[in-house]
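Student: If it helps, the file is called input-v1.pdb and holds PDB, C-alpha atoms and all ligand atoms:
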ATOM      1  CA  MET V  19     130.697-133.581-141.016
ATOM      2  CA  ARG V  20     127.701-132.016-139.315
ATOM      3  CA  LEU V  21     128.802-130.875-135.877
ATOM      4  CA  LEU V  22     126.813-129.543-132.925
ATOM      5  CA  ILE V  23     128.677-127.465-130.340
ATOM      6  CA  LEU V  24     126.901-127.106-127.009
ATOM      7  CA  GLY V  25     128.145-123.712-125.896
ATOM      8  CA  GLY V  26     127.698-120.893-123.416
ATOM      9  CA  THR V  27     131.376-120.695-122.435
ATOM     10  CA  SER V  28     134.500-118.932-123.671
ATOM     11  CA  GLU V  29     135.892-122.375-124.643
ATOM     12  CA  ALA V  30     132.938-122.901-127.003
ATOM     13  CA  SER V  31     133.467-119.447-128.531
ATOM     14  CA  VAL V  32     137.167-120.104-129.148
ATOM     15  CA  LEU V  33     136.379-123.466-130.745
ATOM     16  CA  ALA V  34     133.630-121.929-132.892
ATOM     17  CA  ALA V  35     136.050-119.254-134.114
ATOM     18  CA  ARG V  36     138.478-121.989-135.198
ATOM     19  CA  LEU V  37     135.749-123.709-137.236
ATOM     20  CA  VAL V  38     134.582-120.663-139.209
ATOM     21  CA  GLY V  39     135.164-121.160-142.939
ATOM     22  CA  ARG V  40     135.958-124.902-142.711
ATOM     23  CA  GLU V  41     134.364-126.372-145.832
ATOM     24  CA  THR V  42     134.192-129.981-144.655
ATOM     25  CA  ILE V  43     132.687-129.164-141.253
ATOM     26  CA  ALA V  44     129.191-127.694-140.986
ATOM     27  CA  ALA V  45     129.043-126.611-137.356
ATOM     28  CA  VAL V  46     126.201-125.063-135.387
ATOM     29  CA  VAL V  47     126.470-123.581-131.895
ATOM     30  CA  SER V  48     123.706-124.122-129.342
ATOM     31  CA  LEU V  49     123.055-121.713-126.464
ATOM     32  CA  ALA V  50     120.627-122.218-123.586
ATOM     33  CA  GLY V  51     119.310-118.665-123.904
ATOM     34  CA  ARG V  52     120.048-117.586-120.326
ATOM     35  CA  THR V  53     121.960-114.405-121.204
ATOM     36  CA  ARG V  54     120.039-111.453-122.610
ATOM     37  CA  ASN V  55     122.779-110.342-125.003
ATOM     38  CA  PRO V  56     124.898-113.433-125.672
ATOM     39  CA  ALA V  57     128.192-113.109-127.492
ATOM     40  CA  LEU V  58     127.322-114.743-130.825
ATOM     41  CA  SER V  59     129.894-116.483-132.989
ATOM     42  CA  ALA V  60     130.165-116.275-136.760
ATOM     43  CA  LEU V  61     128.811-119.837-136.943
ATOM     44  CA  PRO V  62     125.079-120.496-137.244
ATOM     45  CA  THR V  63     123.588-120.385-133.743
ATOM     46  CA  ARG V  64     120.421-121.859-132.299
ATOM     47  CA  ILE V  65     119.093-120.658-128.946
ATOM     48  CA  GLY V  66     116.968-122.421-126.291
ATOM     49  CA  GLY V  67     116.627-125.839-124.675
ATOM     50  CA  PHE V  68     116.014-128.937-126.778
ATOM     51  CA  GLY V  69     113.280-130.345-124.537
ATOM     52  CA  GLY V  70     115.183-132.929-122.515
ATOM     53  CA  VAL V  71     116.887-136.054-123.816
ATOM     54  CA  ASP V  72     114.049-136.859-126.228
ATOM     55  CA  GLY V  73     114.154-133.362-127.694
ATOM     56  CA  LEU V  74     117.903-133.540-128.141
ATOM     57  CA  ARG V  75     117.632-136.973-129.762
ATOM     58  CA  ALA V  76     115.031-135.631-132.187
ATOM     59  CA  TYR V  77     117.294-132.666-132.988
ATOM     60  CA  LEU V  78     120.290-134.940-133.668
ATOM     61  CA  ARG V  79     118.193-137.039-136.048
ATOM     62  CA  ARG V  80     116.481-134.107-137.784
ATOM     63  CA  GLU V  81     119.727-132.207-138.362
ATOM     64  CA  ARG V  82     121.653-135.392-139.226
ATOM     65  CA  ILE V  83     124.352-134.510-136.678
ATOM     66  CA  ASP V  84     127.479-136.691-136.912
ATOM     67  CA  ALA V  85     129.273-135.442-133.810
ATOM     68  CA  VAL V  86     128.667-133.293-130.741
ATOM     69  CA  VAL V  87     131.187-131.272-128.745
ATOM     70  CA  ASP V  88     129.855-130.541-125.278
ATOM     71  CA  ALA V  89     131.654-127.300-124.436
ATOM     72  CA  THR V  90     129.209-126.243-121.712
ATOM     73  CA  HIS V  91     130.323-125.044-118.286
ATOM     74  CA  PRO V  92     131.567-127.829-115.944
ATOM     75  CA  PHE V  93     128.695-126.963-113.561
ATOM     76  CA  ALA V  94     126.064-127.287-116.310
ATOM     77  CA  ALA V  95     125.645-130.955-115.376
ATOM     78  CA  GLN V  96     122.153-131.558-116.728
ATOM     79  CA  ILE V  97     122.822-130.704-120.358
ATOM     80  CA  SER V  98     126.018-132.790-120.249
ATOM     81  CA  ARG V  99     124.065-135.758-118.899
ATOM     82  CA  HIS V 100     121.430-135.270-121.592
ATOM     83  CA  ALA V 101     124.110-135.054-124.300
ATOM     84  CA  ALA V 102     125.713-138.311-123.114
ATOM     85  CA  GLU V 103     122.363-140.127-123.107
ATOM     86  CA  ALA V 104     121.121-138.723-126.417
ATOM     87  CA  CYS V 105     124.404-139.324-128.269
ATOM     88  CA  ALA V 106     124.653-142.899-126.969
ATOM     89  CA  ALA V 107     121.072-143.606-128.043
ATOM     90  CA  GLU V 108     121.555-142.074-131.506
ATOM     91  CA  SER V 109     125.103-143.447-132.037
ATOM     92  CA  VAL V 110     126.520-139.934-132.394
ATOM     93  CA  ALA V 111     130.156-139.298-131.417
ATOM     94  CA  LEU V 112     130.501-137.064-128.331
ATOM     95  CA  LEU V 113     133.451-135.119-126.951
ATOM     96  CA  SER V 114     133.386-133.272-123.647
ATOM     97  CA  PHE V 115     135.557-130.151-123.949
ATOM     98  CA  THR V 116     136.062-128.360-120.632
ATOM     99  CA  ARG V 117     138.751-126.408-118.890
ATOM    100  CA  PRO V 118     140.473-128.364-116.096
ATOM    101  CA  PRO V 119     139.515-127.428-112.519
ATOM    102  CA  TRP V 120     141.833-125.259-110.419
ATOM    103  CA  GLU V 121     144.179-127.108-108.080
ATOM    104  CA  PRO V 122     145.041-125.671-104.658
ATOM    105  CA  VAL V 123     148.567-124.239-104.336
ATOM    106  CA  SER V 124     150.682-123.357-101.320
ATOM    107  CA  GLY V 125     148.939-120.681 -99.224
ATOM    108  CA  ASP V 126     145.426-121.569-100.351
ATOM    109  CA  ARG V 127     142.992-122.266 -97.513
ATOM    110  CA  TRP V 128     140.317-124.225 -99.332
ATOM    111  CA  ILE V 129     137.449-126.146 -97.801
ATOM    112  CA  GLU V 130     136.332-128.358-100.684
ATOM    113  CA  VAL V 131     132.639-129.270-100.690
ATOM    114  CA  ALA V 132     130.500-131.335-103.046
ATOM    115  CA  ASP V 133     127.332-129.250-103.080
ATOM    116  CA  ILE V 134     125.650-126.083-101.900
ATOM    117  CA  GLU V 135     124.268-127.696 -98.704
ATOM    118  CA  ALA V 136     127.792-128.677 -97.705
ATOM    119  CA  ALA V 137     128.960-125.142 -98.527
ATOM    120  CA  VAL V 138     126.350-123.675 -96.152
ATOM    121  CA  ALA V 139     127.376-126.147 -93.412
ATOM    122  CA  ALA V 140     131.080-125.368 -93.945
ATOM    123  CA  LEU V 141     130.515-121.739 -92.922
ATOM    124  CA  GLY V 142     130.017-122.893 -89.312
ATOM    125  CA  ALA V 143     127.922-121.477 -86.486
ATOM    126  CA  ALA V 144     129.794-118.264 -85.660
ATOM    127  CA  PRO V 145     128.536-115.245 -87.647
ATOM    128  CA  GLN V 146     130.898-114.026 -90.330
ATOM    129  CA  ARG V 147     131.028-111.882 -93.447
ATOM    130  CA  VAL V 148     130.779-114.167 -96.468
ATOM    131  CA  LEU V 149     131.280-113.269-100.121
ATOM    132  CA  LEU V 150     129.096-115.355-102.451
ATOM    133  CA  THR V 151     130.336-115.525-106.029
ATOM    134  CA  GLN V 152     128.852-118.827-107.169
ATOM    135  CA  GLY V 153     126.493-117.181-109.652
ATOM    136  CA  ARG V 154     122.850-118.166-109.955
ATOM    137  CA  MET V 155     123.371-121.333-107.932
ATOM    138  CA  GLN V 156     120.888-121.636-105.081
ATOM    139  CA  ILE V 157     121.475-118.378-103.212
ATOM    140  CA  ASP V 158     118.398-119.133-101.077
ATOM    141  CA  ALA V 159     120.169-122.196 -99.592
ATOM    142  CA  PHE V 160     122.211-119.756 -97.477
ATOM    143  CA  ALA V 161     119.007-118.687 -95.686
ATOM    144  CA  ARG V 162     119.613-121.829 -93.588
ATOM    145  CA  ALA V 163     122.565-120.003 -92.042
ATOM    146  CA  PRO V 164     120.976-116.571 -91.393
ATOM    147  CA  GLN V 165     123.596-115.625 -88.789
ATOM    148  CA  HIS V 166     126.076-114.641 -91.519
ATOM    149  CA  HIS V 167     126.226-111.379 -93.416
ATOM    150  CA  TYR V 168     126.317-112.188 -97.118
ATOM    151  CA  ILE V 169     127.917-110.013 -99.750
ATOM    152  CA  VAL V 170     126.497-111.256-103.058
ATOM    153  CA  ARG V 171     128.294-110.296-106.246
ATOM    154  CA  ALA V 172     126.397-111.052-109.446
ATOM    155  CA  ILE V 173     125.774-109.694-112.949
ATOM    156  CA  GLU V 174     122.005-109.577-112.471
ATOM    157  CA  PRO V 175     120.058-109.749-109.178
ATOM    158  CA  PRO V 176     119.870-113.492-108.429
ATOM    159  CA  GLU V 177     116.627-115.222-107.475
ATOM    160  CA  GLY V 178     116.215-116.059-103.807
ATOM    161  CA  LEU V 179     118.201-113.087-102.530
ATOM    162  CA  ASP V 180     115.329-111.858-100.337
ATOM    163  CA  ALA V 181     115.592-115.090 -98.346
ATOM    164  CA  LEU V 182     118.866-113.822 -96.858
ATOM    165  CA  PRO V 183     118.117-111.603 -93.846
ATOM    166  CA  ARG V 184     121.504-109.854 -93.881
ATOM    167  CA  HIS V 185     122.958-109.219 -97.303
ATOM    168  CA  ARG V 186     124.390-106.648 -99.638
ATOM    169  CA  LEU V 187     124.139-107.050-103.411
ATOM    170  CA  ILE V 188     126.996-105.849-105.581
ATOM    171  CA  LEU V 189     126.090-105.815-109.274
ATOM    172  CA  ALA V 190     129.230-106.096-111.370
ATOM    173  CA  ARG V 191     130.410-107.883-114.484
ATOM    174  CA  GLY V 192     133.922-109.370-114.612
ATOM    175  CA  PRO V 193     136.588-110.040-115.442
ATOM    176  CA  PHE V 194     138.152-108.540-112.310
ATOM    177  CA  ASP V 195     141.882-108.385-111.702
ATOM    178  CA  ARG V 196     143.642-109.437-108.509
ATOM    179  CA  PHE V 197     143.899-105.851-107.247
ATOM    180  CA  GLU V 198     140.164-105.243-107.677
ATOM    181  CA  GLU V 199     139.421-108.527-105.930
ATOM    182  CA  GLU V 200     141.765-107.713-103.040
ATOM    183  CA  ALA V 201     140.130-104.308-102.675
ATOM    184  CA  LEU V 202     136.671-105.925-102.563
ATOM    185  CA  LEU V 203     137.738-108.484 -99.950
ATOM    186  CA  ARG V 204     139.308-105.767 -97.793
ATOM    187  CA  ASN V 205     136.586-103.125 -98.197
ATOM    188  CA  GLU V 206     133.817-105.582 -97.408
ATOM    189  CA  ARG V 207     135.870-107.160 -94.579
ATOM    190  CA  VAL V 208     135.207-110.586 -96.079
ATOM    191  CA  GLU V 209     136.078-113.506 -93.789
ATOM    192  CA  THR V 210     135.147-116.400 -96.119
ATOM    193  CA  LEU V 211     134.686-116.632 -99.872
ATOM    194  CA  VAL V 212     132.323-119.139-101.533
ATOM    195  CA  SER V 213     133.232-120.081-105.111
ATOM    196  CA  LYS V 214     132.627-122.750-107.714
ATOM    197  CA  ASN V 215     135.764-124.488-108.929
ATOM    198  CA  SER V 216     135.130-123.299-112.470
ATOM    199  CA  GLY V 217     138.730-123.551-113.689
ATOM    200  CA  GLY V 218     140.152-121.189-116.307
ATOM    201  CA  ALA V 219     141.733-117.759-115.991
ATOM    202  CA  ALA V 220     138.681-115.484-116.234
ATOM    203  CA  THR V 221     137.505-115.856-112.610
ATOM    204  CA  TYR V 222     140.730-116.965-110.917
ATOM    205  CA  ALA V 223     141.734-113.514-109.584
ATOM    206  CA  LYS V 224     139.424-113.799-106.553
ATOM    207  CA  ILE V 225     141.110-117.088-105.591
ATOM    208  CA  GLU V 226     144.541-115.458-105.820
ATOM    209  CA  ALA V 227     143.314-112.464-103.810
ATOM    210  CA  ALA V 228     141.917-114.738-101.080
ATOM    211  CA  ARG V 229     145.274-116.575-100.923
ATOM    212  CA  ARG V 230     147.194-113.310-100.510
ATOM    213  CA  LEU V 231     144.880-112.188 -97.701
ATOM    214  CA  ALA V 232     144.802-115.706 -96.107
ATOM    215  CA  ILE V 233     141.010-115.818 -96.461
ATOM    216  CA  PRO V 234     139.454-119.311 -96.500
ATOM    217  CA  VAL V 235     137.584-120.355 -99.646
ATOM    218  CA  VAL V 236     134.633-122.746 -99.532
ATOM    219  CA  MET V 237     135.196-124.332-102.928
ATOM    220  CA  LEU V 238     132.412-126.224-104.692
ATOM    221  CA  THR V 239     134.009-129.111-106.563
ATOM    222  CA  GLN V 240     132.897-129.837-110.125
ATOM    223  CA  PRO V 241     130.127-132.387-110.546
ATOM    224  CA  ALA V 242     131.369-135.727-111.885
ATOM    225  CA  PRO V 243     131.267-135.579-115.701
ATOM    226  CA  PRO V 244     129.651-138.341-117.776
ATOM    227  CA  ASP V 245     132.022-141.061-118.938
ATOM    228  CA  VAL V 246     132.779-139.789-122.466
ATOM    229  CA  ALA V 247     135.863-138.764-124.503
ATOM    230  CA  ARG V 248     137.437-135.622-123.025
ATOM    231  CA  ALA V 249     139.581-132.724-124.221
ATOM    232  CA  HIS V 250     140.973-129.900-122.085
ATOM    233  CA  SER V 251     142.329-127.663-124.854
ATOM    234  CA  VAL V 252     141.014-126.256-128.101
ATOM    235  CA  ASP V 253     143.847-127.997-129.982
ATOM    236  CA  ALA V 254     142.850-131.372-128.552
ATOM    237  CA  ALA V 255     139.196-130.691-129.414
ATOM    238  CA  MET V 256     140.169-129.725-132.992
ATOM    239  CA  GLU V 257     142.201-132.920-133.300
ATOM    240  CA  TRP V 258     139.194-135.011-132.256
ATOM    241  CA  ILE V 259     136.909-133.167-134.709
ATOM    242  CA  GLU V 260     139.367-133.441-137.572
ATOM    243  CA  ALA V 261     139.882-137.152-136.977
ATOM    244  CA  GLY V 262     136.139-137.565-137.518
ATOM    245  CA  ALA V 263     135.909-135.144-140.427
ATOM    246  CA  HIS V 264     138.759-136.807-142.339
ATOM    247  CA  PRO V 265     138.704-140.465-141.368
ATOM    248  CA  ALA V 266     142.063-142.108-141.847
ATOM    249  CA  CYS V 267     142.337-144.083-145.131
ATOM    250  CA  PRO V 268     141.979-147.829-144.575
TER
HETATM  251  P1  LIG N 301     122.066-127.162-117.062
HETATM  252  O1  LIG N 301     121.499-127.025-115.696
HETATM  253  O2  LIG N 301     123.046-128.233-117.292
HETATM  254  O3  LIG N 301     120.910-127.362-118.129
HETATM  255  C1  LIG N 301     119.546-127.018-117.894
HETATM  256  C2  LIG N 301     118.811-127.055-119.213
HETATM  257  O4  LIG N 301     119.177-125.932-120.019
HETATM  258  C3  LIG N 301     119.138-128.263-120.082
HETATM  259  O5  LIG N 301     118.397-129.400-119.700
HETATM  260  C4  LIG N 301     118.783-127.752-121.459
HETATM  261  O6  LIG N 301     117.369-127.692-121.638
HETATM  262  C5  LIG N 301     119.223-126.304-121.383
HETATM  263  N1  LIG N 301     120.591-126.083-121.873
HETATM  264  C6  LIG N 301     121.743-125.958-121.144
HETATM  265  N2  LIG N 301     122.783-125.680-121.939
HETATM  266  C7  LIG N 301     122.290-125.639-123.216
HETATM  267  C8  LIG N 301     122.863-125.374-124.474
HETATM  268  N3  LIG N 301     124.178-125.082-124.608
HETATM  269  N4  LIG N 301     122.054-125.400-125.573
HETATM  270  C9  LIG N 301     120.721-125.676-125.446
HETATM  271  N5  LIG N 301     120.127-125.918-124.273
HETATM  272  C10 LIG N 301     120.891-125.895-123.163
HETATM  273  O7  LIG N 301     122.674-125.766-117.533
HETATM  274  P2  LIG N 301     122.964-124.401-116.717
HETATM  275  O8  LIG N 301     123.897-124.670-115.614
HETATM  276  O9  LIG N 301     121.648-123.742-116.464
HETATM  277  O10 LIG N 301     123.754-123.573-117.848
HETATM  278  C11 LIG N 301     123.080-123.022-118.950
HETATM  279  C12 LIG N 301     124.108-122.463-119.916
HETATM  280  O11 LIG N 301     124.926-121.504-119.256
HETATM  281  C13 LIG N 301     125.024-123.535-120.498
HETATM  282  O12 LIG N 301     125.153-123.287-121.882
HETATM  283  C14 LIG N 301     126.340-123.308-119.760
HETATM  284  O13 LIG N 301     127.458-123.624-120.579
HETATM  285  C15 LIG N 301     126.279-121.830-119.420
HETATM  286  N6  LIG N 301     126.999-121.493-118.171
HETATM  287  C16 LIG N 301     126.684-122.148-117.009
HETATM  288  C17 LIG N 301     127.377-121.843-115.840
HETATM  289  C18 LIG N 301     127.097-122.581-114.540
HETATM  290  O14 LIG N 301     127.760-122.296-113.547
HETATM  291  N7  LIG N 301     126.164-123.518-114.497
HETATM  292  C19 LIG N 301     128.393-120.866-115.870
HETATM  293  C20 LIG N 301     128.685-120.216-117.071
HETATM  294  C21 LIG N 301     127.972-120.538-118.222
HETATM  295  P3  LIG N 301     116.560-128.878-122.329
HETATM  296  O15 LIG N 301     116.492-129.983-121.326
HETATM  297  O16 LIG N 301     115.237-128.262-122.658
HETATM  298  O17 LIG N 301     117.322-129.274-123.576
END
Could I get this file's structure written as C-alpha cells?

Tutor:
Amino acid sequence: MRLLILGGTSEASVLAARLVGRETIAAVVSLAGRTRNPALSALPTRIGGFGGVDGLRAYLRRERIDAVVDATHPFAAQISRHAAEACAAESVALLSFTRPPWEPVSGDRWIEVADIEAAVAALGAAPQRVLLTQGRMQIDAFARAPQHHYIVRAIEPPEGLDALPRHRLILARGPFDRFEEEALLRNERVETLVSKNSGGAATYAKIEAARRLAIPVVMLTQPAPPDVARAHSVDAAMEWIEAGAHPACP
C-alpha cells in the first residue's frame, strides 16, 4: 500500500512513528512548510503545498497513492477540503484522523462562535483586557474592536499585529501547564480569553486556568469537516490503514 499522510500535527507524528519499518506500507508524510524547523519523522517527508486540488490529484496519480490519511489540524479546513475532492476524483481511499474537540465542563464560561468575526463581536462594546491565543488566524480582524487591550501570545510575531492600537505581544512556545497559564491570566489581568477549540491535551491548560479563575472564553468552534471516514485515535487510524493494506480474503 502506498499511503500519503497529510501532517503538521502531533497526531500525524504519532501515526508516522507507528508506520516506520512496516514492509507492506510505503508511507510518506506531507507538511505545508509553515514551520521553519519542523519536527521530521523517520518516514520520507515532502514539504510544501501541492498546488490546489489539481496539484494534489496529479501527485496522487504520479505517486500511485492508494490511500490518504488527513491528519491535519481541525482548523486547516482548506487542505482537508482539497483532500476530499482530490481523493473522490481519483478514487483514492481517504480517512480523516483528528482529535475530538473539547467539550465544556461544569464551571466553564464559554461563548461559542463560528468564526473570527463572531469572536470580535462577542467581546462586546465595553473595553476589556483580552488574551488572544488563536495563532496566526486573522489577528487584524480585532482592529474592528480597537477599544480592547489585546495581549497576543504567539510563537512568532503574527501578521496584522500593527493593526491593533493597544496590544502587547508575548512570544512564547508551549506547552504551558495550568500554573503557568493561571499566572499569565492573573499577571496580565485578562478578562476574556479567545481560543480555537483545537481539542487535545497540548493546549488545554489555558482552558482549565480560565475555568479556575472564572474567566469567559470566546471559543471558536471547529469548521465542519468534509463527509469522509473518520478516526479519533491512532489505533482506529491504524485499523483503517491495515484493513486496506491486508484486504480480507474473499
Ligand atoms: P489550510 O489553510 O487548510 O491550507 C492552506 C494550503 O496549505 C493548502 O491549500 C495547501 O496548499 C497547503 N497545505 C496545508 N497543509 C498541507 C500539508 N499537510 N501538506 C501539503 N500542503 C499543505 O492549512 P493551514 O491552516 O494553513 O495549516 C497548514 C499546516 O499547519 C497544516 O499541515 C496543519 O495541519 C498545520 N497546523 C495548522 C493549525 C491551524 O490552526 N490552522 C494549527 C496547527 C498546525 P496547496 O493548495 O498548494 O496544496

Student: Around (115.6, -112.1, -100.9) in the file's frame, which residues reach within 12 Å when counting only C-alpha atoms? Return as a list in words?

Tutor: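 So the residues meeting the distance criterion are Gln156, Ile157, Asp158, Ala159, Phe160, Ala161, Pro164, Tyr168, Val170, Pro175, Pro176, Glu177, Gly178, Leu179, Asp180, Ala181, Leu182, Pro183, Arg184, His185, Arg186 and Leu187 of chain V.
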
Student: Applied to the shown file, which residues does the PyMOL selection byres (((not hetatm)) within 7 of (chain N and resi 301)) return, written as a list of chain:residue names?

Tutor: V:Leu24, V:Gly25, V:Gly26, V:Thr27, V:Ser48, V:Leu49, V:Ala50, V:Arg52, V:Ile65, V:Gly66, V:Gly67, V:Phe68, V:Gly69, V:Gly70, V:Val71, V:Gly73, V:Leu74, V:Ala89, V:Thr90, V:His91, V:Phe93, V:Ala94, V:Ala95, V:Gln96, V:Ile97, V:Ser98, V:His100, V:Gly153

Student: Quick one: write out the picked residues with C-alpha atoms as a PDB file, in the coordinates of the input?

Tutor:
ATOM      1  CA  LEU V  24     126.901-127.106-127.009  1.00  0.00           C
ATOM      2  CA  GLY V  25     128.145-123.712-125.896  1.00  0.00           C
ATOM      3  CA  GLY V  26     127.698-120.893-123.416  1.00  0.00           C
ATOM      4  CA  THR V  27     131.376-120.695-122.435  1.00  0.00           C
ATOM      5  CA  SER V  48     123.706-124.122-129.342  1.00  0.00           C
ATOM      6  CA  LEU V  49     123.055-121.713-126.464  1.00  0.00           C
ATOM      7  CA  ALA V  50     120.627-122.218-123.586  1.00  0.00           C
ATOM      8  CA  ARG V  52     120.048-117.586-120.326  1.00  0.00           C
ATOM      9  CA  ILE V  65     119.093-120.658-128.946  1.00  0.00           C
ATOM     10  CA  GLY V  66     116.968-122.421-126.291  1.00  0.00           C
ATOM     11  CA  GLY V  67     116.627-125.839-124.675  1.00  0.00           C
ATOM     12  CA  PHE V  68     116.014-128.937-126.778  1.00  0.00           C
ATOM     13  CA  GLY V  69     113.280-130.345-124.537  1.00  0.00           C
ATOM     14  CA  GLY V  70     115.183-132.929-122.515  1.00  0.00           C
ATOM     15  CA  VAL V  71     116.887-136.054-123.816  1.00  0.00           C
ATOM     16  CA  GLY V  73     114.154-133.362-127.694  1.00  0.00           C
ATOM     17  CA  LEU V  74     117.903-133.540-128.141  1.00  0.00           C
ATOM     18  CA  ALA V  89     131.654-127.300-124.436  1.00  0.00           C
ATOM     19  CA  THR V  90     129.209-126.243-121.712  1.00  0.00           C
ATOM     20  CA  HIS V  91     130.323-125.044-118.286  1.00  0.00           C
ATOM     21  CA  PHE V  93     128.695-126.963-113.561  1.00  0.00           C
ATOM     22  CA  ALA V  94     126.064-127.287-116.310  1.00  0.00           C
ATOM     23  CA  ALA V  95     125.645-130.955-115.376  1.00  0.00           C
ATOM     24  CA  GLN V  96     122.153-131.558-116.728  1.00  0.00           C
ATOM     25  CA  ILE V  97     122.822-130.704-120.358  1.00  0.00           C
ATOM     26  CA  SER V  98     126.018-132.790-120.249  1.00  0.00           C
ATOM     27  CA  HIS V 100     121.430-135.270-121.592  1.00  0.00           C
ATOM     28  CA  GLY V 153     126.493-117.181-109.652  1.00  0.00           C
TER      29      GLY V 153
END

Student: Would you compute the distance between atom CA of Ala163 of chain V and atom CA of Pro241 of chain V? Give it in Å to one decimal.

Tutor: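 Interatomic distance here is 23.5 Å.
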
Student: Between V:Ala107, V:Ala137, V:Ala35, V:Leu22, which one has atoms that come closest to Glu81 of chain V, using only C-alpha atoms?

Tutor: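 Closest candidate: V:Leu22.
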
Student: From the list V:Trp120, V:Leu238, V:Pro92, V:Leu113, which residue is nearest Thr151 of chain V when using all atoms listed in the file?

Tutor: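 Ranking V:Trp120, V:Leu238, V:Pro92, V:Leu113 by distance to Thr151 of chain V, first place goes to V:Leu238.
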
Student: Could you give me, as CSV, a per-residue list for segment 71-158 of chain V showing, wherever an atom lies at most 6 Å from an atom of segment 215-228 of chain V, the closest pair of atoms and their distance in Å to one decimal, using all atoms listed in the file and sorting by chain then residue number from low to high?

Tutor:
residue,atom,partner,partner_atom,distance
V:Arg117,CA,V:Gly217,CA,5.9
V:Pro118,CA,V:Gly217,CA,5.7
V:Pro119,CA,V:Gly217,CA,4.1
V:Trp120,CA,V:Gly217,CA,4.8

Student: Under the rule that all atoms listed in the file are counted, which of V:Gln240, V:Ser28, V:Thr42, V:Ser213 is the nearest residue to Ala57 of chain V?

Tutor: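 Of V:Gln240, V:Ser28, V:Thr42, V:Ser213, the one nearest Ala57 of chain V, counting all atoms listed in the file, is V:Ser28.
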
Student: Axis-aligned box over every listed atom of segment 142-146 of chain V, padded by 8 Å per side: centre and edges in Å to one decimal, as JSON?

Tutor:
{"center_x": 129.4, "center_y": -118.5, "center_z": -88.0, "size_x": 19.0, "size_y": 24.9, "size_z": 20.7}

Student: If I put a ball of radius 8 Å at (135.8, -114.8, -91.6) in the file's coordinates, which residues poke into it when counting all atoms listed in the file, written as an NGL selection string?

Tutor: :V and (146-148 or 208-210 or 233-234)

Student: In Å, how far is it from atom CA of Arg204 of chain V to atom CA of Arg229 of chain V?

Tutor: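 Atom-to-atom, atom CA of Arg204 of chain V to atom CA of Arg229 of chain V, that is 12.7 Å.
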
Student: Could you list the residues chosen by the PyMOL selection byres (((chain V and resi 248) around 12) and not hetatm) in this structure as a list of chain:residue names?

Tutor: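 Taken over the shown coordinates, the PyMOL selection byres (((chain V and resi 248) around 12) and not hetatm) returns V:Val86, V:Val87, V:Asp88, V:Ala89, V:Ala111, V:Leu112, V:Leu113, V:Ser114, V:Phe115, V:Thr116, V:Arg117, V:Pro118, V:Pro243, V:Pro244, V:Asp245, V:Val246, V:Ala247, V:Ala249, V:His250, V:Ser251, V:Val252, V:Ala254, V:Ala255, V:Met256, V:Glu257, V:Trp258, V:Ile259.
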
Student: Generate the missing atoms of segment 145-157 of chain V up to N, CA and C atoms and report them as a compact mmCIF listing (two decimals), in the coordinates of the input.

Tutor:
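rebuild22.txt, freshly written:
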# COMPACT_ATOMS: atom_id res chain seq x y z
N PRO V 145 128.86 -116.18 -86.56
CA PRO V 145 128.54 -115.24 -87.65
C PRO V 145 129.79 -114.71 -88.31
N GLN V 146 129.78 -114.63 -89.61
CA GLN V 146 130.90 -114.03 -90.33
C GLN V 146 130.42 -113.33 -91.60
N ARG V 147 131.34 -112.58 -92.20
CA ARG V 147 131.03 -111.88 -93.45
C ARG V 147 131.51 -112.77 -94.60
N VAL V 148 130.54 -113.14 -95.45
CA VAL V 148 130.78 -114.17 -96.47
C VAL V 148 130.52 -113.56 -97.85
N LEU V 149 131.48 -113.73 -98.73
CA LEU V 149 131.28 -113.27 -100.12
C LEU V 149 130.82 -114.45 -100.97
N LEU V 150 129.63 -114.31 -101.58
CA LEU V 150 129.10 -115.36 -102.45
C LEU V 150 129.34 -114.96 -103.90
N THR V 151 130.03 -115.83 -104.62
CA THR V 151 130.34 -115.52 -106.03
C THR V 151 129.97 -116.71 -106.91
N GLN V 152 129.09 -117.58 -106.42
CA GLN V 152 128.85 -118.83 -107.17
C GLN V 152 127.79 -118.66 -108.25
N GLY V 153 127.43 -117.42 -108.56
CA GLY V 153 126.49 -117.18 -109.65
C GLY V 153 125.06 -117.47 -109.24
N ARG V 154 124.28 -117.98 -110.21
CA ARG V 154 122.85 -118.17 -109.96
C ARG V 154 122.56 -119.34 -109.03
N MET V 155 123.60 -120.08 -108.66
CA MET V 155 123.37 -121.33 -107.93
C MET V 155 122.77 -121.12 -106.55
N GLN V 156 121.54 -121.45 -106.38
CA GLN V 156 120.89 -121.64 -105.08
C GLN V 156 121.32 -120.67 -103.98
N ILE V 157 121.17 -119.38 -104.24
CA ILE V 157 121.48 -118.38 -103.21
C ILE V 157 120.60 -118.61 -101.97
